[in-house]
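Student: So here's start.cif (mmCIF, C-alpha atoms).
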data_model
loop_
_atom_site.label_atom_id
_atom_site.label_comp_id
_atom_site.auth_asym_id
_atom_site.auth_seq_id
_atom_site.Cartn_x
_atom_site.Cartn_y
_atom_site.Cartn_z
CA MET A 1 18.76 35.62 -24.82
CA SER A 2 20.32 35.76 -21.37
CA PRO A 3 21.26 32.51 -19.61
CA LYS A 4 18.84 33.27 -16.77
CA LEU A 5 15.91 33.82 -19.15
CA LYS A 6 16.80 30.65 -21.05
CA SER A 7 16.91 28.67 -17.80
CA ASN A 8 13.52 30.06 -16.73
CA LEU A 9 11.96 29.16 -20.08
CA GLU A 10 13.33 25.62 -19.86
CA LEU A 11 11.97 25.31 -16.33
CA LEU A 12 8.59 26.63 -17.45
CA GLY A 13 8.53 24.10 -20.29
CA ILE A 14 9.29 21.26 -17.88
CA TYR A 15 6.50 22.34 -15.52
CA ALA A 16 4.10 22.65 -18.48
CA ILE A 17 4.88 19.08 -19.54
CA PHE A 18 4.42 17.84 -15.97
CA ALA A 19 1.10 19.68 -15.70
CA PHE A 20 -0.12 18.23 -19.01
CA MET A 21 0.86 14.68 -18.03
CA SER A 22 -0.74 15.13 -14.61
CA VAL A 23 -4.05 16.05 -16.23
CA ILE A 24 -3.87 13.01 -18.50
CA ILE A 25 -3.18 10.72 -15.54
CA ILE A 26 -5.42 12.24 -12.86
CA TYR A 27 -8.49 13.12 -14.95
CA PRO A 28 -9.56 9.49 -15.66
CA ILE A 29 -9.03 8.61 -11.98
CA ILE A 30 -11.25 11.48 -10.86
CA TRP A 31 -13.90 10.45 -13.39
CA ALA A 32 -13.82 6.83 -12.18
CA LEU A 33 -14.08 7.92 -8.54
CA GLY A 34 -16.91 10.34 -9.30
CA MET A 35 -18.76 7.73 -11.35
CA SER A 36 -18.48 5.19 -8.54
CA LEU A 37 -20.22 7.65 -6.18
CA ASN A 38 -23.08 8.45 -8.60
CA PRO A 39 -26.44 6.88 -7.79
CA GLY A 40 -27.93 4.70 -10.50
CA ASN A 41 -26.13 2.55 -13.05
CA SER A 42 -26.04 4.60 -16.24
CA LEU A 43 -22.81 5.91 -17.71
CA TYR A 44 -24.46 8.80 -19.54
CA SER A 45 -26.27 10.23 -16.52
CA ALA A 46 -23.16 10.10 -14.32
CA THR A 47 -21.26 13.29 -13.53
CA ILE A 48 -17.66 13.79 -12.47
CA ILE A 49 -18.87 15.54 -9.30
CA PRO A 50 -22.09 13.77 -8.19
CA GLU A 51 -24.82 15.93 -6.67
CA ASN A 52 -26.24 13.17 -4.50
CA TRP A 53 -23.26 10.94 -3.94
CA SER A 54 -23.50 7.64 -2.10
CA PHE A 55 -21.53 4.46 -1.42
CA GLU A 56 -24.32 2.17 -2.59
CA HIS A 57 -22.19 0.60 -5.33
CA TYR A 58 -19.36 -0.23 -2.93
CA LYS A 59 -21.90 -1.70 -0.52
CA TRP A 60 -23.42 -3.77 -3.33
CA LEU A 61 -20.01 -5.22 -4.25
CA PHE A 62 -19.45 -6.52 -0.73
CA THR A 63 -22.95 -7.45 0.44
CA ASP A 64 -25.11 -8.45 -2.52
CA PRO A 65 -25.41 -12.24 -2.92
CA ASN A 66 -25.36 -11.85 -6.73
CA SER A 67 -21.98 -10.15 -6.58
CA ASN A 68 -18.91 -12.38 -6.85
CA TYR A 69 -16.59 -9.42 -6.35
CA LEU A 70 -14.95 -10.69 -3.16
CA LEU A 71 -14.31 -14.07 -4.79
CA TRP A 72 -12.76 -12.41 -7.86
CA TYR A 73 -10.70 -10.16 -5.60
CA LYS A 74 -9.41 -13.17 -3.69
CA ASN A 75 -8.53 -14.96 -6.94
CA SER A 76 -6.61 -11.93 -8.15
CA MET A 77 -4.68 -11.68 -4.89
CA ILE A 78 -3.78 -15.37 -5.12
CA VAL A 79 -2.60 -15.04 -8.71
CA SER A 80 -0.77 -11.73 -8.24
CA GLY A 81 0.81 -12.69 -4.91
CA SER A 82 1.94 -16.12 -6.12
CA THR A 83 3.30 -14.67 -9.35
CA ALA A 84 5.25 -11.96 -7.53
CA VAL A 85 6.80 -14.31 -4.96
CA LEU A 86 7.64 -17.16 -7.34
CA SER A 87 8.94 -14.77 -10.02
CA VAL A 88 11.33 -13.16 -7.53
CA ILE A 89 12.62 -16.59 -6.43
CA MET A 90 13.07 -17.99 -9.94
CA THR A 91 14.46 -14.78 -11.39
CA SER A 92 17.00 -14.53 -8.57
CA PHE A 93 18.45 -17.96 -9.32
CA VAL A 94 18.44 -17.46 -13.10
CA ALA A 95 19.97 -13.97 -12.99
CA TYR A 96 22.61 -15.02 -10.44
CA SER A 97 23.65 -17.95 -12.62
CA PHE A 98 24.06 -15.77 -15.71
CA SER A 99 25.80 -13.02 -13.76
CA ARG A 100 28.32 -15.04 -11.75
CA TYR A 101 29.04 -18.25 -13.68
CA ASN A 102 30.52 -19.09 -17.07
CA PHE A 103 28.96 -22.20 -18.58
CA VAL A 104 28.28 -23.68 -21.98
CA GLY A 105 25.34 -21.88 -23.61
CA ARG A 106 25.51 -18.82 -21.35
CA LYS A 107 25.82 -16.33 -24.19
CA SER A 108 23.22 -18.15 -26.28
CA GLY A 109 20.85 -18.18 -23.32
CA LEU A 110 21.18 -14.44 -22.84
CA TYR A 111 20.52 -13.81 -26.54
CA THR A 112 17.52 -16.14 -26.35
CA PHE A 113 16.10 -14.11 -23.47
CA LEU A 114 16.69 -10.94 -25.46
CA ILE A 115 14.90 -12.33 -28.52
CA LEU A 116 11.98 -13.65 -26.47
CA GLN A 117 11.33 -10.15 -25.15
CA MET A 118 10.55 -9.03 -28.71
CA PHE A 119 7.49 -11.27 -28.94
CA PRO A 120 4.35 -10.79 -26.85
CA VAL A 121 2.84 -13.71 -24.95
CA MET A 122 -0.28 -13.45 -27.10
CA MET A 123 1.62 -14.95 -30.02
CA ALA A 124 1.85 -18.22 -28.09
CA MET A 125 -1.75 -18.27 -26.88
CA VAL A 126 -2.81 -21.20 -29.04
CA ALA A 127 0.17 -23.29 -27.95
CA LEU A 128 -0.30 -22.34 -24.29
CA TYR A 129 -4.01 -23.13 -24.48
CA ILE A 130 -3.31 -26.60 -25.89
CA PHE A 131 -0.49 -27.20 -23.40
CA LEU A 132 -2.66 -26.30 -20.39
CA HIS A 133 -5.44 -28.51 -21.76
CA LEU A 134 -3.04 -31.46 -22.09
CA ILE A 135 -1.74 -31.18 -18.52
CA GLY A 136 -5.19 -30.52 -17.05
CA LEU A 137 -4.58 -26.94 -15.91
CA LEU A 138 -6.97 -25.18 -18.26
CA ASP A 139 -9.54 -23.06 -16.42
CA SER A 140 -7.43 -23.01 -13.26
CA LEU A 141 -5.56 -20.35 -11.34
CA THR A 142 -2.50 -22.61 -11.21
CA GLY A 143 -2.21 -22.67 -14.99
CA LEU A 144 -2.62 -18.90 -15.15
CA ILE A 145 0.11 -18.40 -12.53
CA LEU A 146 2.53 -20.66 -14.43
CA ILE A 147 2.06 -18.69 -17.64
CA TYR A 148 2.60 -15.36 -15.91
CA ILE A 149 5.79 -16.62 -14.24
CA GLY A 150 7.20 -18.13 -17.41
CA SER A 151 6.41 -15.15 -19.60
CA GLN A 152 8.16 -12.73 -17.23
CA ILE A 153 11.42 -14.66 -16.83
CA PRO A 154 13.26 -13.25 -19.91
CA PHE A 155 12.65 -9.61 -19.01
CA ASN A 156 13.19 -10.11 -15.29
CA ALA A 157 16.40 -12.10 -15.79
CA TRP A 158 17.92 -9.37 -17.96
CA LEU A 159 16.88 -6.68 -15.50
CA VAL A 160 18.21 -8.44 -12.39
CA LYS A 161 21.39 -9.64 -14.13
CA GLY A 162 22.23 -6.05 -15.04
CA TYR A 163 21.95 -5.11 -11.38
CA LEU A 164 23.95 -8.09 -10.12
CA ASP A 165 26.76 -7.24 -12.53
CA THR A 166 27.24 -3.98 -10.61
CA ILE A 167 27.90 -5.86 -7.34
CA PRO A 168 31.68 -6.39 -6.99
CA ARG A 169 32.78 -9.99 -7.41
CA GLY A 170 35.30 -9.39 -4.66
CA LEU A 171 32.49 -9.85 -2.14
CA ASP A 172 31.88 -13.35 -3.47
CA GLU A 173 35.57 -14.23 -3.35
CA ALA A 174 35.99 -12.86 0.18
CA ALA A 175 33.04 -14.90 1.40
CA ARG A 176 34.40 -18.08 -0.22
CA ILE A 177 37.81 -17.52 1.41
CA ASP A 178 35.96 -17.46 4.74
CA GLY A 179 34.43 -20.82 3.90
CA ALA A 180 31.05 -19.83 2.47
CA GLY A 181 29.57 -22.06 -0.21
CA HIS A 182 27.82 -20.98 -3.39
CA PHE A 183 24.36 -21.04 -1.85
CA THR A 184 25.52 -19.14 1.24
CA VAL A 185 27.07 -16.44 -0.95
CA PHE A 186 23.83 -16.22 -2.92
CA ILE A 187 21.54 -15.99 0.12
CA LYS A 188 23.62 -13.98 2.60
CA ILE A 189 25.75 -11.75 0.33
CA ILE A 190 24.09 -11.18 -3.03
CA MET A 191 20.39 -11.23 -2.22
CA PRO A 192 20.51 -8.59 0.56
CA LEU A 193 22.39 -6.28 -1.81
CA ALA A 194 19.88 -6.99 -4.61
CA LYS A 195 16.78 -5.95 -2.61
CA PRO A 196 16.14 -2.80 -4.73
CA ILE A 197 15.93 -4.65 -8.05
CA LEU A 198 13.98 -7.52 -6.50
CA ALA A 199 11.47 -4.99 -5.19
CA VAL A 200 11.00 -3.73 -8.76
CA VAL A 201 10.48 -7.27 -10.02
CA ALA A 202 7.98 -7.99 -7.22
CA LEU A 203 5.96 -4.85 -7.93
CA PHE A 204 5.84 -5.37 -11.70
CA ASN A 205 4.89 -9.03 -11.38
CA PHE A 206 2.22 -8.22 -8.81
CA MET A 207 0.62 -5.54 -11.00
CA THR A 208 0.62 -7.45 -14.30
CA PRO A 209 -1.90 -10.19 -13.37
CA LEU A 210 -4.02 -7.72 -11.42
CA PHE A 211 -4.72 -5.53 -14.45
CA ASP A 212 -4.55 -8.12 -17.22
CA PHE A 213 -7.77 -9.08 -18.96
CA ILE A 214 -6.84 -10.82 -22.22
CA LEU A 215 -4.90 -13.79 -20.82
CA PRO A 216 -7.47 -14.73 -18.12
CA SER A 217 -10.29 -14.38 -20.66
CA ILE A 218 -8.65 -17.08 -22.80
CA ILE A 219 -7.69 -19.49 -20.02
CA LEU A 220 -10.49 -19.13 -17.46
CA ARG A 221 -14.05 -20.24 -18.14
CA SER A 222 -15.72 -20.80 -14.77
CA PRO A 223 -17.06 -17.65 -13.02
CA GLU A 224 -15.70 -18.89 -9.68
CA ASN A 225 -12.17 -18.81 -11.16
CA PHE A 226 -12.39 -15.33 -12.68
CA THR A 227 -9.83 -12.72 -11.75
CA ILE A 228 -11.05 -9.24 -10.89
CA ALA A 229 -10.40 -7.77 -14.34
CA LEU A 230 -12.30 -10.56 -16.04
CA GLY A 231 -15.09 -10.45 -13.47
CA LEU A 232 -15.57 -6.69 -13.76
CA PHE A 233 -16.02 -7.10 -17.50
CA ASN A 234 -19.30 -8.82 -16.72
CA PHE A 235 -20.62 -5.51 -15.41
CA ILE A 236 -20.39 -3.85 -18.82
CA ASN A 237 -20.97 -6.66 -21.30
CA ASP A 238 -24.25 -7.28 -23.10
CA GLN A 239 -25.93 -8.89 -20.11
CA PHE A 240 -25.02 -6.15 -17.62
CA SER A 241 -24.64 -3.22 -19.99
CA ASN A 242 -25.83 -0.59 -17.51
CA ASN A 243 -23.55 -1.32 -14.56
CA PHE A 244 -20.81 1.18 -15.37
CA THR A 245 -20.99 2.80 -11.94
CA ARG A 246 -20.48 -0.56 -10.24
CA PHE A 247 -17.65 -1.25 -12.64
CA ALA A 248 -16.03 2.06 -11.61
CA ALA A 249 -16.41 1.22 -7.91
CA GLY A 250 -14.80 -2.17 -8.42
CA ALA A 251 -11.98 -0.66 -10.47
CA ILE A 252 -11.20 1.94 -7.80
CA LEU A 253 -10.75 -0.79 -5.18
CA ILE A 254 -8.13 -2.51 -7.33
CA ALA A 255 -5.74 0.34 -6.57
CA ILE A 256 -5.67 -0.44 -2.83
CA PRO A 257 -3.31 -3.48 -2.85
CA VAL A 258 -1.06 -1.82 -5.45
CA ALA A 259 -0.77 1.29 -3.28
CA ILE A 260 0.04 -0.82 -0.21
CA ILE A 261 2.74 -2.79 -2.05
CA TYR A 262 4.18 0.41 -3.52
CA LEU A 263 4.36 2.12 -0.11
CA PHE A 264 6.00 -0.96 1.37
CA LEU A 265 8.65 -1.18 -1.39
CA GLN A 266 9.10 2.49 -2.27
CA ARG A 267 12.48 2.86 -0.55
CA PHE A 268 13.90 0.23 -2.93
CA LEU A 269 12.13 1.17 -6.15
CA ILE A 270 14.06 4.25 -7.30
CA SER A 271 17.52 2.75 -6.84
CA GLY A 272 16.36 -0.51 -8.39
CA LEU A 273 14.91 1.11 -11.50
CA THR A 274 17.98 3.27 -12.13
CA ALA A 275 20.60 0.62 -11.42
CA GLY A 276 19.02 -2.30 -13.24
CA GLY A 277 19.92 -1.02 -16.68
CA THR A 278 23.53 0.04 -16.07
CA LYS A 279 25.06 -3.17 -17.36
CA GLY A 280 23.91 -5.98 -19.59
#
Once you've parsed the file, please lay out its structure as C-alpha cells.
Tutor:
Amino acid sequence: MSPKLKSNLELLGIYAIFAFMSVIIIYPIIWALGMSLNPGNSLYSATIIPENWSFEHYKWLFTDPNSNYLLWYKNSMIVSGSTAVLSVIMTSFVAYSFSRYNFVGRKSGLYTFLILQMFPVMMAMVALYIFLHLIGLLDSLTGLILIYIGSQIPFNAWLVKGYLDTIPRGLDEAARIDGAGHFTVFIKIIMPLAKPILAVVALFNFMTPLFDFILPSIILRSPENFTIALGLFNFINDQFSNNFTRFAAGAILIAIPVAIIYLFLQRFLISGLTAGGTKG
C-alpha cells in the first residue's frame, strides 16, 4: 500500500468517525427542536419535521399563569451563576496555595483531593441531607449552591494547580523583588495568566447545576425553589404525562445561556483545556 493511499484511508476513517459522532450529537437536538414546534402535547404524534409548526409551547412557557418556567429559569441562573463565580474564586486560592507554597500536609492534601475525585457526590447524599437539615438550609438554593461548590473543589483544584505549575516561578520572584506582596502577586501576576483555565472552571461549574436533576430533587421540595431541570420533570411525570412537547421547548431554551457563556469564553477554552493537564 502506497503512503498516499494509506494517508487517504486514514483521513477517510477520521471523517467517518466525525460524521458518525455528529449524527449522534445532532440528531437528538433536531428531534427536540422539532418536537417543541409540534402542535399538541403528545410524544407519539410528534414528528421531527412538523407539518403545522407553531411556537405555542414557547408562548405557554412565558405567558401561562400555571407555568412556573420563568421562576425555575431564574433559580437555575442564580444557582449556576453563583456556583461558577464562587468556584472560580475558591479554586483560585486553593490551587495557588498548593502550587506556590510548601506547607505541612500539602502532599496529603493533594492525595486527598485525588481520592475524593474517585467517589461521586451521590455517595454522601444522606450525610449532606442531614447536614443541610441541621443548619437550616434544606430546601433552599443556598444549600444547593454550597454543595455544588464543595463537590467541585477537588477536581477544580487539581486542574488549576496543573496549569499554575506551568507558570514560571521567576515571575513571582521578580514581582517580590519589586516590592509586591503575596496577594499582589496572586491578583496582578498569576490570575491574569491563569484566565484560560479559570474560563474552563467557570464554564464547567456553570453547566453542572443547569443540567443536574438528581441533586436538586433530593434537596429541594418547594416548587418555587425548583431549578429548571427539576421543574421540567413535572411536565412528564404522572400528573403531566402528556406535556412532552412543552418539555422539549423548555429544554431547548436551556441551551441559550450555555451558548452565550461559551461564546464569551471561547478564546480561553482551548488553551485552558490543553494546558491544565500538563503537570500535576
Student: List, as a list in words, every residue that the PyMOL selection byres ((chain A and resi 186) around 10) selects in the file provided.
Tutor: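 Output of the PyMOL selection byres ((chain A and resi 186) around 10): Ser92, Phe93, Tyr96, Ser97, Arg100, Asp172, Ala180, Gly181, His182, Phe183, Thr184, Val185, Ile187, Lys188, Ile189, Ile190, Met191 and Pro192 of chain A.
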Student: What is the atom CA of Ile78 of chain A-atom CA of Leu141 of chain A distance in Å, reported with one decimal?
Tutor: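 That distance, rounded to one decimal, is 8.2 Å.
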Student: For Met123 of chain A, find every residue with an atom within 12 Å (counting only C-alpha atoms), except residues of its own chain fewer than 6 positions away, and show them as a ChimeraX atom specification.
Tutor: /A:116-117,129,151,215
Student: What residues come out when you apply the PyMOL selection byres ((chain A and resi 255) around 12) to this file, written as a ChimeraX atom specification?
Tutor: /A:29,32-33,73,206-207,210-211,228,248-254,256-262
Student: So which one's closest to Asn66 of chain A, A:Phe204, A:Phe244, A:Phe18, A:Phe235? Using all atoms listed in the file, please.
Tutor: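 Of A:Phe204, A:Phe244, A:Phe18, A:Phe235, the one nearest Asn66 of chain A, counting all atoms listed in the file, is A:Phe235.
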Student: Atom CA of Leu144 of chain A and atom CA of Met77 of chain A are how many Å apart?
Tutor: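 It comes out at 12.7 Å.
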Student: Point out the residue among A:Ala199, A:Ala229, A:Ala194, A:Ile236 with the least atom-to-atom distance to Leu263 of chain A, counting only C-alpha atoms.
Tutor: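 Nearest candidate to Leu263 of chain A out of A:Ala199, A:Ala229, A:Ala194, A:Ile236: A:Ala199.
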Student: What do you get, as a ChimeraX atom specification, if you spell out every residue that the PyMOL selection byres ((chain A and resi 50) around 12) selects here?
Tutor: /A:30-40,45-49,51-55,245
Student: Between atom CA of Ile197 of chain A and atom CA of Tyr163 of chain A, what is the distance, to one decimal in Å?
Tutor: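 Here the two named atoms are 6.9 Å from each other.
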Student: Select, from A:Ser7, A:Asn156, A:Ser99, A:Ser80, the residue with the minimum atom-to-atom distance to Val201 of chain A, counting all atoms listed in the file.
Tutor: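 Checking each candidate against Val201 of chain A, we get A:Asn156 as the closest.
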Student: Please provide as an NGL selection string all residues within 12 Å of Ala202 of chain A, with the sequence filter that same-chain residues fewer than 5 positions apart are discarded (counting all atoms listed in the file).
Tutor: :A and (80-92 or 149 or 152 or 156 or 160 or 195-197 or 207-209 or 258 or 261-262 or 264-266 or 268-269 or 272)
Student: Set the distance at 12 Å and use only C-alpha atoms: which residues neighbour Phe213 of chain A once local chain neighbours fewer than 4 positions away are removed? I'd like the list as a PyMOL selection string.
Tutor: chain A and resi 76+122+144+208-209+217-220+226-234
Student: Restricting the calculation to all atoms listed in the file: of A:Val200, A:Leu71, A:Leu171, A:Leu193, which residue gets closest to Glu224 of chain A?
Tutor: A:Leu71
Student: Using only C-alpha atoms, which residue out of A:Trp60, A:Ile14, A:Asn205, A:Trp72 lies closest to Ile145 of chain A?
Tutor: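 With only C-alpha atoms as the atom set, the closest residue is A:Asn205.
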Student: Could you rebuild segment 115-130 of chain A with N, CA and C atoms and give it back as a PDB file, in the frame of the given file?
Tutor:
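Everything below was put into out_3.pdb:
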ATOM      1  N   ILE A 115      15.797 -12.129 -27.373  1.00  0.00           N
ATOM      2  CA  ILE A 115      14.900 -12.330 -28.520  1.00  0.00           C
ATOM      3  C   ILE A 115      13.473 -12.572 -28.045  1.00  0.00           C
ATOM      4  N   LEU A 116      13.314 -13.347 -26.969  1.00  0.00           N
ATOM      5  CA  LEU A 116      11.980 -13.650 -26.470  1.00  0.00           C
ATOM      6  C   LEU A 116      11.236 -12.407 -26.012  1.00  0.00           C
ATOM      7  N   GLN A 117      11.977 -11.384 -25.576  1.00  0.00           N
ATOM      8  CA  GLN A 117      11.330 -10.150 -25.150  1.00  0.00           C
ATOM      9  C   GLN A 117      10.689  -9.403 -26.316  1.00  0.00           C
ATOM     10  N   MET A 118      11.090  -9.728 -27.536  1.00  0.00           N
ATOM     11  CA  MET A 118      10.550  -9.030 -28.710  1.00  0.00           C
ATOM     12  C   MET A 118       9.162  -9.530 -29.086  1.00  0.00           C
ATOM     13  N   PHE A 119       8.760 -10.670 -28.548  1.00  0.00           N
ATOM     14  CA  PHE A 119       7.490 -11.270 -28.940  1.00  0.00           C
ATOM     15  C   PHE A 119       6.531 -11.277 -27.759  1.00  0.00           C
ATOM     16  N   PRO A 120       5.326 -10.783 -27.950  1.00  0.00           N
ATOM     17  CA  PRO A 120       4.350 -10.790 -26.850  1.00  0.00           C
ATOM     18  C   PRO A 120       3.846 -12.200 -26.573  1.00  0.00           C
ATOM     19  N   VAL A 121       3.355 -12.393 -25.354  1.00  0.00           N
ATOM     20  CA  VAL A 121       2.840 -13.710 -24.950  1.00  0.00           C
ATOM     21  C   VAL A 121       1.653 -14.119 -25.814  1.00  0.00           C
ATOM     22  N   MET A 122       0.919 -13.137 -26.328  1.00  0.00           N
ATOM     23  CA  MET A 122      -0.280 -13.450 -27.100  1.00  0.00           C
ATOM     24  C   MET A 122       0.032 -14.267 -28.343  1.00  0.00           C
ATOM     25  N   MET A 123       1.265 -14.164 -28.850  1.00  0.00           N
ATOM     26  CA  MET A 123       1.620 -14.950 -30.020  1.00  0.00           C
ATOM     27  C   MET A 123       1.625 -16.445 -29.721  1.00  0.00           C
ATOM     28  N   ALA A 124       1.794 -16.809 -28.461  1.00  0.00           N
ATOM     29  CA  ALA A 124       1.850 -18.220 -28.090  1.00  0.00           C
ATOM     30  C   ALA A 124       0.555 -18.702 -27.453  1.00  0.00           C
ATOM     31  N   MET A 125      -0.515 -17.941 -27.579  1.00  0.00           N
ATOM     32  CA  MET A 125      -1.750 -18.270 -26.880  1.00  0.00           C
ATOM     33  C   MET A 125      -2.315 -19.618 -27.304  1.00  0.00           C
ATOM     34  N   VAL A 126      -2.263 -19.918 -28.575  1.00  0.00           N
ATOM     35  CA  VAL A 126      -2.810 -21.200 -29.040  1.00  0.00           C
ATOM     36  C   VAL A 126      -2.008 -22.360 -28.446  1.00  0.00           C
ATOM     37  N   ALA A 127      -0.679 -22.240 -28.498  1.00  0.00           N
ATOM     38  CA  ALA A 127       0.170 -23.290 -27.950  1.00  0.00           C
ATOM     39  C   ALA A 127      -0.021 -23.425 -26.441  1.00  0.00           C
ATOM     40  N   LEU A 128      -0.110 -22.296 -25.748  1.00  0.00           N
ATOM     41  CA  LEU A 128      -0.300 -22.340 -24.290  1.00  0.00           C
ATOM     42  C   LEU A 128      -1.663 -22.928 -23.937  1.00  0.00           C
ATOM     43  N   TYR A 129      -2.678 -22.592 -24.719  1.00  0.00           N
ATOM     44  CA  TYR A 129      -4.010 -23.130 -24.480  1.00  0.00           C
ATOM     45  C   TYR A 129      -4.002 -24.660 -24.612  1.00  0.00           C
ATOM     46  N   ILE A 130      -3.377 -25.146 -25.675  1.00  0.00           N
ATOM     47  CA  ILE A 130      -3.310 -26.600 -25.890  1.00  0.00           C
ATOM     48  C   ILE A 130      -2.483 -27.264 -24.798  1.00  0.00           C
TER      49      ILE A 130
END
